[in-house]
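The structure appears right after this line, and notes come after that.
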Amino acid sequence: MAFAIAVFVVALALIASERVDRTKIALLGATLVVLAGTLDQEQAIEAVDFNTIGLLVGMMIMVRVTETTGVYTWLAIRAGQLSQGRPLVLVLALAVTTAVLSAFLDNVTTILLIVPITFLLADALDIDPVPLIVIEIVASNLGGTATLIGDPPNILIAGHTGLSFGAFIANLAPIVILTLAVVIPGLYFAFRSRLRIAPEAREQVMALDAAKSIEDAGEAKRTVPILVLTILVFFIHKPLHLEPATVALAGAAVTLLLSRQSLAGTVSSIEWLTLFFLIGLFVMVGALEETGALEEVANGIASVTDGNRTAELLGILWVSAIGSGLVDNIPFTAAMIPVVDSLGDDSAYWWALALGACFGGNATIVAAACNVAASGMAARAGNPIGFVFFLRYGLPVTAVSLILATAYVMLRYA
């Protein structure tokens with residue numbers, strides 16, 4: 001256990017230092033835990049969440065193919081024109097759109113769709129895209145909290161408990177809406193000096209002809225409907241008994257079949273560094289799970305709270321948030337589920353777990369898969385989002401979110 005913890009802590013410290021490429025660190029850490037025998041090769045492979053990896057690969061391919069048609073440029077120009085170049089309106093429009101899509105698709109897919117549009121929009125308005133992407137990451141994690149399918153922790157909880165789609169919305173959507181209403185304006189004011197739009201840039205955007213941005217109408221007609229259809233299937237993937245990765249990869253396969261673009265060029269555009277970083281991270285976290293380190297942390301709740309229901313609810317909320325922020329909310333939720341289950345047949349415990357795990361996903365750049373995906377795309381575009389930079393905004397956002405969630409849990413469930 002000690003070795004797995006040491007490897008993870010050192011890896012996290014090196015990632016935070018930003019002196020060494022995070023993908024190299026993650027792969028080295030994964031290699032060390034396998035070589036040391038903490039995990040064997042089969043266990044290491046099992047630790048990788050291939051549903052997340054497959055989802056990312058499929059969406060990256062479809063986004064790349066459709067991006068070359070100019071459709072995202074069209075969307076970016078229209079978004080800029082509809083906001084009339086006003087920064088606050090622009091931020092609110094992007095945040096609300098991201099939150100809603102994250103709730104009814106999933107936050108990873110949403111980020112993969114919204115970030116390319118954001119880069120083009122920021123370029124058109126001549127502003128820094130990084131603040132917008134940070135706001136979108138936060139909105140995506142918060143929006144995904146509201147429904148059963150929005151965030152992977154909720155999917156895990158629903159799979160174990162059988163709680164309905166409606167129950168998730170009824171219990172989580174109210175606090176999500178409140179938190180969005182508090183956090184997003186706060187982030188706007190924190191970033192407002194970097195989101196000033198020059199009058200000439202505003203005038204230029206308003207004067208643009210969005211229709212002229214479509215570079216390949218034929219390719220757009222062939223591939224964009226597949227992307228739209230894939231997104232619609234995400235809404236009903238559960239009744240169809242299809243995993244999100246299956247839907248995304250099927251959409252990617254059809255897109256590649258219909259596209260006239262170079263297959264080699266499309267595949268080379270995949271964010272391989274992001275994927276390998278996630279693989280390394282999954283293996284290191286798998287070592288923590290295998291040695292019982294995560295379970296030890298989770299079990300501490302039961303002993304500290306000593307059977308007090310309110311203390312148990314708040315303990316689940318805060319411990320799952322802190323643990324998810326340090327590790328990753330998917331495996332930490334998986335480790336917490338048996339502990340929460342042992343506390344009794346009380347659905348309030350599950351809502352506390354969902355809020356903690358999902359809200360905790362905003363704490364660090366490695367706390368959720370959508371964070372990693374967004375930062376990978378930003379780095380590839382020449383606008384890296386550093387660990388410490390994101391922490392500067394992620395921690396306050398998480399703290400405010402948890403304070404609101406604490407009040408909500410105490411008022412509604414305690």
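We name chains A, B, ... following the order of the structure tokens; residues begin at 1 in each chain, and ligands are numbered from 1 as shown.
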
Using only C-alpha atoms, which residues sit within 9 Å of stretch 169-177 of chain A once same-chain residues fewer than 2 positions away are excluded, as a list in words?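 Selected residues are Leu142, Gly143, Gly144, Thr145, Ala146, Thr147, Leu148, Ser164, Phe165, Gly166, Ala167, Thr179, Leu180, Ala181, Val182, Ala348, Trp351, Ala354, Leu355, Ser401, Leu404, Ala405 and Tyr408 of chain A.
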
File of the preceding selection, C-alpha atoms, as a PDB file, in the first residue's frame:
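And here is the file that came out, again_4.pdb:
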```pdb
ATOM      1  CA  LEU A 142     -21.786  20.919 -12.343  1.00  0.00           C
ATOM      2  CA  GLY A 143     -24.292  20.300 -15.128  1.00  0.00           C
ATOM      3  CA  GLY A 144     -23.375  16.621 -15.299  1.00  0.00           C
ATOM      4  CA  THR A 145     -24.223  16.310 -11.607  1.00  0.00           C
ATOM      5  CA  ALA A 146     -27.918  16.937 -12.277  1.00  0.00           C
ATOM      6  CA  THR A 147     -28.823  13.700 -14.047  1.00  0.00           C
ATOM      7  CA  LEU A 148     -28.205   9.973 -14.020  1.00  0.00           C
ATOM      8  CA  SER A 164     -34.415   6.392 -11.395  1.00  0.00           C
ATOM      9  CA  PHE A 165     -33.550   9.143 -13.860  1.00  0.00           C
ATOM     10  CA  GLY A 166     -36.313  11.277 -12.372  1.00  0.00           C
ATOM     11  CA  ALA A 167     -35.020  10.764  -8.835  1.00  0.00           C
ATOM     12  CA  THR A 179     -24.522  26.449  -7.632  1.00  0.00           C
ATOM     13  CA  LEU A 180     -24.261  27.380 -11.306  1.00  0.00           C
ATOM     14  CA  ALA A 181     -26.015  30.681 -10.574  1.00  0.00           C
ATOM     15  CA  VAL A 182     -23.417  31.498  -7.897  1.00  0.00           C
ATOM     16  CA  ALA A 348     -29.971  10.594   1.057  1.00  0.00           C
ATOM     17  CA  TRP A 351     -27.254  12.028  -3.108  1.00  0.00           C
ATOM     18  CA  ALA A 354     -23.125  12.058  -5.978  1.00  0.00           C
ATOM     19  CA  LEU A 355     -22.760  15.702  -4.981  1.00  0.00           C
ATOM     20  CA  SER A 401     -19.999  24.431  -4.256  1.00  0.00           C
ATOM     21  CA  LEU A 404     -23.872  25.303  -0.818  1.00  0.00           C
ATOM     22  CA  ALA A 405     -24.221  21.520  -1.011  1.00  0.00           C
ATOM     23  CA  TYR A 408     -28.724  21.866   0.904  1.00  0.00           C
TER      24      TYR A 408
END
```

Taking the DSSP secondary structure from the backbone, can you list the residues of stretch 198-409 of chain A that are alpha helix (DSSP H), as a PDB file with C-alpha atoms, in the first residue's frame?
```pdb
ATOM      1  CA  PRO A 199     -14.918  47.539 -30.018  1.00  0.00           C
ATOM      2  CA  GLU A 200     -13.205  46.883 -33.360  1.00  0.00           C
ATOM      3  CA  ALA A 201     -13.201  43.090 -32.725  1.00  0.00           C
ATOM      4  CA  ARG A 202     -16.879  43.260 -31.841  1.00  0.00           C
ATOM      5  CA  GLU A 203     -17.656  45.187 -34.999  1.00  0.00           C
ATOM      6  CA  GLN A 204     -15.644  42.766 -37.112  1.00  0.00           C
ATOM      7  CA  VAL A 205     -17.543  39.772 -35.721  1.00  0.00           C
ATOM      8  CA  MET A 206     -20.917  41.446 -36.235  1.00  0.00           C
ATOM      9  CA  ALA A 207     -19.949  42.181 -39.846  1.00  0.00           C
ATOM     10  CA  ALA A 217     -20.487  21.887 -47.761  1.00  0.00           C
ATOM     11  CA  GLY A 218     -20.476  18.386 -49.260  1.00  0.00           C
ATOM     12  CA  GLU A 219     -18.373  16.953 -46.443  1.00  0.00           C
ATOM     13  CA  ALA A 220     -20.555  18.752 -43.906  1.00  0.00           C
ATOM     14  CA  LYS A 221     -23.702  17.192 -45.394  1.00  0.00           C
ATOM     15  CA  ARG A 222     -22.114  13.738 -45.206  1.00  0.00           C
ATOM     16  CA  THR A 223     -20.621  13.888 -41.699  1.00  0.00           C
ATOM     17  CA  VAL A 224     -22.455  16.453 -39.543  1.00  0.00           C
ATOM     18  CA  PRO A 225     -25.739  14.441 -39.573  1.00  0.00           C
ATOM     19  CA  ILE A 226     -23.799  11.451 -38.227  1.00  0.00           C
ATOM     20  CA  LEU A 227     -22.468  13.586 -35.365  1.00  0.00           C
ATOM     21  CA  VAL A 228     -25.972  14.884 -34.606  1.00  0.00           C
ATOM     22  CA  LEU A 229     -27.446  11.366 -34.766  1.00  0.00           C
ATOM     23  CA  THR A 230     -24.723  10.070 -32.453  1.00  0.00           C
ATOM     24  CA  ILE A 231     -25.540  12.791 -29.926  1.00  0.00           C
ATOM     25  CA  LEU A 232     -29.250  11.899 -30.098  1.00  0.00           C
ATOM     26  CA  VAL A 233     -28.453   8.225 -29.511  1.00  0.00           C
ATOM     27  CA  PHE A 234     -26.617   9.215 -26.324  1.00  0.00           C
ATOM     28  CA  PHE A 235     -29.999  10.235 -24.923  1.00  0.00           C
ATOM     29  CA  PRO A 244     -21.422   5.453 -24.551  1.00  0.00           C
ATOM     30  CA  ALA A 245     -18.121   4.213 -25.993  1.00  0.00           C
ATOM     31  CA  THR A 246     -19.983   1.870 -28.348  1.00  0.00           C
ATOM     32  CA  VAL A 247     -22.184   4.724 -29.563  1.00  0.00           C
ATOM     33  CA  ALA A 248     -19.209   7.059 -30.081  1.00  0.00           C
ATOM     34  CA  LEU A 249     -17.053   4.473 -31.853  1.00  0.00           C
ATOM     35  CA  ALA A 250     -19.957   3.431 -34.083  1.00  0.00           C
ATOM     36  CA  GLY A 251     -20.501   7.066 -35.035  1.00  0.00           C
ATOM     37  CA  ALA A 252     -16.774   7.463 -35.705  1.00  0.00           C
ATOM     38  CA  ALA A 253     -16.710   4.361 -37.908  1.00  0.00           C
ATOM     39  CA  VAL A 254     -19.623   5.595 -40.032  1.00  0.00           C
ATOM     40  CA  THR A 255     -18.074   9.069 -40.217  1.00  0.00           C
ATOM     41  CA  LEU A 256     -14.761   7.643 -41.472  1.00  0.00           C
ATOM     42  CA  LEU A 257     -16.622   5.544 -44.020  1.00  0.00           C
ATOM     43  CA  LEU A 258     -18.488   8.551 -45.441  1.00  0.00           C
ATOM     44  CA  LEU A 263      -7.681   8.412 -42.713  1.00  0.00           C
ATOM     45  CA  ALA A 264      -4.058   8.833 -41.624  1.00  0.00           C
ATOM     46  CA  GLY A 265      -4.565  12.559 -41.123  1.00  0.00           C
ATOM     47  CA  THR A 266      -7.714  12.041 -39.102  1.00  0.00           C
ATOM     48  CA  VAL A 267      -6.202   9.384 -36.834  1.00  0.00           C
ATOM     49  CA  SER A 268      -3.058  11.460 -36.293  1.00  0.00           C
ATOM     50  CA  TRP A 272      -2.964  10.660 -28.018  1.00  0.00           C
ATOM     51  CA  LEU A 273      -1.110  12.410 -25.194  1.00  0.00           C
ATOM     52  CA  THR A 274      -4.390  12.903 -23.342  1.00  0.00           C
ATOM     53  CA  LEU A 275      -5.387   9.269 -23.832  1.00  0.00           C
ATOM     54  CA  PHE A 276      -2.052   7.908 -22.606  1.00  0.00           C
ATOM     55  CA  PHE A 277      -2.118  10.267 -19.650  1.00  0.00           C
ATOM     56  CA  LEU A 278      -5.531   8.907 -18.683  1.00  0.00           C
ATOM     57  CA  ILE A 279      -4.322   5.320 -19.113  1.00  0.00           C
ATOM     58  CA  GLY A 280      -1.369   5.951 -16.805  1.00  0.00           C
ATOM     59  CA  LEU A 281      -3.611   7.687 -14.276  1.00  0.00           C
ATOM     60  CA  PHE A 282      -6.139   4.831 -14.327  1.00  0.00           C
ATOM     61  CA  VAL A 283      -3.386   2.281 -13.642  1.00  0.00           C
ATOM     62  CA  MET A 284      -1.933   4.266 -10.715  1.00  0.00           C
ATOM     63  CA  VAL A 285      -5.395   4.709  -9.201  1.00  0.00           C
ATOM     64  CA  GLY A 286      -6.050   1.012  -9.820  1.00  0.00           C
ATOM     65  CA  ALA A 287      -3.007   0.274  -7.655  1.00  0.00           C
ATOM     66  CA  LEU A 288      -4.497   2.414  -4.869  1.00  0.00           C
ATOM     67  CA  GLU A 289      -7.744   0.469  -5.171  1.00  0.00           C
ATOM     68  CA  GLU A 290      -6.017  -2.920  -5.254  1.00  0.00           C
ATOM     69  CA  THR A 291      -3.971  -2.215  -2.118  1.00  0.00           C
ATOM     70  CA  ALA A 293      -5.809   2.603   0.151  1.00  0.00           C
ATOM     71  CA  LEU A 294      -9.018   4.167  -1.174  1.00  0.00           C
ATOM     72  CA  GLU A 295     -11.157   1.808   0.871  1.00  0.00           C
ATOM     73  CA  GLU A 296      -9.230   2.744   4.018  1.00  0.00           C
ATOM     74  CA  VAL A 297     -10.053   6.400   3.418  1.00  0.00           C
ATOM     75  CA  ALA A 298     -13.695   5.627   2.722  1.00  0.00           C
ATOM     76  CA  ASN A 299     -14.062   3.343   5.737  1.00  0.00           C
ATOM     77  CA  GLY A 300     -12.767   6.122   7.970  1.00  0.00           C
ATOM     78  CA  ILE A 301     -16.094   7.877   7.549  1.00  0.00           C
ATOM     79  CA  ALA A 302     -18.008   5.114   9.293  1.00  0.00           C
ATOM     80  CA  SER A 303     -15.707   5.145  12.312  1.00  0.00           C
ATOM     81  CA  VAL A 304     -15.423   8.926  12.683  1.00  0.00           C
ATOM     82  CA  THR A 305     -19.134   9.702  12.382  1.00  0.00           C
ATOM     83  CA  ARG A 309     -26.831  10.471  10.412  1.00  0.00           C
ATOM     84  CA  THR A 310     -26.077  14.152   9.788  1.00  0.00           C
ATOM     85  CA  ALA A 311     -22.372  13.570  10.379  1.00  0.00           C
ATOM     86  CA  GLU A 312     -22.465  10.602   8.013  1.00  0.00           C
ATOM     87  CA  LEU A 313     -24.145  12.627   5.276  1.00  0.00           C
ATOM     88  CA  LEU A 314     -21.665  15.489   5.548  1.00  0.00           C
ATOM     89  CA  GLY A 315     -18.758  13.065   5.927  1.00  0.00           C
ATOM     90  CA  ILE A 316     -19.724  11.310   2.685  1.00  0.00           C
ATOM     91  CA  LEU A 317     -20.128  14.661   0.928  1.00  0.00           C
ATOM     92  CA  TRP A 318     -16.780  16.150   1.940  1.00  0.00           C
ATOM     93  CA  VAL A 319     -14.630  13.016   1.893  1.00  0.00           C
ATOM     94  CA  SER A 320     -15.868  12.038  -1.559  1.00  0.00           C
ATOM     95  CA  ALA A 321     -15.201  15.574  -2.817  1.00  0.00           C
ATOM     96  CA  ILE A 322     -11.674  15.686  -1.401  1.00  0.00           C
ATOM     97  CA  GLY A 323     -10.898  12.152  -2.531  1.00  0.00           C
ATOM     98  CA  SER A 324     -12.267  12.781  -6.021  1.00  0.00           C
ATOM     99  CA  GLY A 325     -10.250  15.971  -6.297  1.00  0.00           C
ATOM    100  CA  LEU A 326      -7.019  14.197  -5.414  1.00  0.00           C
ATOM    101  CA  ASN A 329     -14.068  10.780  -9.203  1.00  0.00           C
ATOM    102  CA  ILE A 330     -14.750   7.532 -11.086  1.00  0.00           C
ATOM    103  CA  PRO A 331     -12.594   5.098  -9.053  1.00  0.00           C
ATOM    104  CA  PHE A 332     -13.170   6.959  -5.804  1.00  0.00           C
ATOM    105  CA  THR A 333     -16.929   6.656  -6.252  1.00  0.00           C
ATOM    106  CA  ALA A 334     -16.495   2.950  -6.956  1.00  0.00           C
ATOM    107  CA  ALA A 335     -14.560   2.605  -3.690  1.00  0.00           C
ATOM    108  CA  MET A 336     -17.155   4.581  -1.728  1.00  0.00           C
ATOM    109  CA  ILE A 337     -20.229   2.685  -2.936  1.00  0.00           C
ATOM    110  CA  PRO A 338     -19.755  -0.392  -0.670  1.00  0.00           C
ATOM    111  CA  VAL A 339     -19.125   1.880   2.324  1.00  0.00           C
ATOM    112  CA  VAL A 340     -22.228   3.979   1.698  1.00  0.00           C
ATOM    113  CA  ASP A 341     -24.213   0.794   1.118  1.00  0.00           C
ATOM    114  CA  SER A 342     -23.179  -0.497   4.538  1.00  0.00           C
ATOM    115  CA  SER A 347     -31.219   7.336  -0.489  1.00  0.00           C
ATOM    116  CA  ALA A 348     -29.971  10.594   1.057  1.00  0.00           C
ATOM    117  CA  TYR A 349     -26.537   8.979   1.416  1.00  0.00           C
ATOM    118  CA  TRP A 350     -26.396   8.407  -2.329  1.00  0.00           C
ATOM    119  CA  TRP A 351     -27.254  12.028  -3.108  1.00  0.00           C
ATOM    120  CA  ALA A 352     -24.491  13.141  -0.759  1.00  0.00           C
ATOM    121  CA  LEU A 353     -22.047  10.818  -2.537  1.00  0.00           C
ATOM    122  CA  ALA A 354     -23.125  12.058  -5.978  1.00  0.00           C
ATOM    123  CA  LEU A 355     -22.760  15.702  -4.981  1.00  0.00           C
ATOM    124  CA  GLY A 356     -19.367  15.177  -3.371  1.00  0.00           C
ATOM    125  CA  ALA A 357     -17.875  13.111  -6.192  1.00  0.00           C
ATOM    126  CA  CYS A 358     -19.201  15.307  -9.011  1.00  0.00           C
ATOM    127  CA  PHE A 359     -18.502  18.670  -7.356  1.00  0.00           C
ATOM    128  CA  GLY A 360     -15.053  17.397  -6.353  1.00  0.00           C
ATOM    129  CA  ALA A 369     -12.080  12.885 -17.383  1.00  0.00           C
ATOM    130  CA  CYS A 370     -13.607  15.992 -18.974  1.00  0.00           C
ATOM    131  CA  ASN A 371     -10.976  18.177 -17.266  1.00  0.00           C
ATOM    132  CA  VAL A 372      -8.198  16.061 -18.743  1.00  0.00           C
ATOM    133  CA  ALA A 373      -9.812  16.085 -22.184  1.00  0.00           C
ATOM    134  CA  ALA A 374     -10.230  19.870 -22.170  1.00  0.00           C
ATOM    135  CA  SER A 375      -6.682  20.538 -20.967  1.00  0.00           C
ATOM    136  CA  GLY A 376      -5.302  18.177 -23.606  1.00  0.00           C
ATOM    137  CA  MET A 377      -7.132  20.016 -26.369  1.00  0.00           C
ATOM    138  CA  ALA A 378      -5.982  23.351 -24.975  1.00  0.00           C
ATOM    139  CA  ALA A 379      -2.349  22.219 -24.869  1.00  0.00           C
ATOM    140  CA  ARG A 380      -2.542  20.973 -28.434  1.00  0.00           C
ATOM    141  CA  PHE A 387      -2.153  22.246 -12.852  1.00  0.00           C
ATOM    142  CA  VAL A 388      -1.495  25.169 -10.502  1.00  0.00           C
ATOM    143  CA  PHE A 389      -3.376  27.641 -12.703  1.00  0.00           C
ATOM    144  CA  PHE A 390      -6.507  25.480 -12.679  1.00  0.00           C
ATOM    145  CA  LEU A 391      -6.091  24.822  -8.940  1.00  0.00           C
ATOM    146  CA  ARG A 392      -6.215  28.577  -8.328  1.00  0.00           C
ATOM    147  CA  TYR A 393      -9.800  28.630  -9.578  1.00  0.00           C
ATOM    148  CA  GLY A 394     -10.861  25.019  -9.089  1.00  0.00           C
ATOM    149  CA  LEU A 395     -10.353  24.969  -5.319  1.00  0.00           C
ATOM    150  CA  PRO A 396     -12.437  28.104  -4.599  1.00  0.00           C
ATOM    151  CA  VAL A 397     -15.162  26.849  -6.937  1.00  0.00           C
ATOM    152  CA  THR A 398     -15.182  23.472  -5.184  1.00  0.00           C
ATOM    153  CA  ALA A 399     -15.214  25.093  -1.734  1.00  0.00           C
ATOM    154  CA  VAL A 400     -18.174  27.346  -2.608  1.00  0.00           C
ATOM    155  CA  SER A 401     -19.999  24.431  -4.256  1.00  0.00           C
ATOM    156  CA  LEU A 402     -19.512  22.237  -1.191  1.00  0.00           C
ATOM    157  CA  ILE A 403     -20.658  24.957   1.194  1.00  0.00           C
ATOM    158  CA  LEU A 404     -23.872  25.303  -0.818  1.00  0.00           C
ATOM    159  CA  ALA A 405     -24.221  21.520  -1.011  1.00  0.00           C
ATOM    160  CA  THR A 406     -23.689  21.229   2.747  1.00  0.00           C
ATOM    161  CA  ALA A 407     -26.512  23.673   3.434  1.00  0.00           C
ATOM    162  CA  TYR A 408     -28.724  21.866   0.904  1.00  0.00           C
ATOM    163  CA  VAL A 409     -28.076  18.428   2.397  1.00  0.00           C
TER     164      VAL A 409
END
```

Just checking: using only C-alpha atoms, which residue out of A:Leu156, A:Ala414, A:Ala26, A:Val33 ends up closest to A:Ala4? A:Val33

Measure the distance from atom CA of A:Gly150 to atom CA of A:Ala99 in Å and round it to one decimal. 9.4 Å

Long-range neighbours of A:Phe119 as a VMD selection string, 12 Å cut-off, only C-alpha atoms, 5 positions minimum in chain: chain A and resid 67 72 to 73 75 to 77 80 112 to 114 124 to 133 374 377 to 383

For atom CA of A:Glu42 and atom CA of A:Leu27, quote the distance in Å rounded to one decimal.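 Value for the atom CA of A:Glu42-atom CA of A:Leu27 distance: 16.2 Å.
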
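Atom CA of A:Thr118 sits 22.9 Å away from atom CA of A:Ile53.
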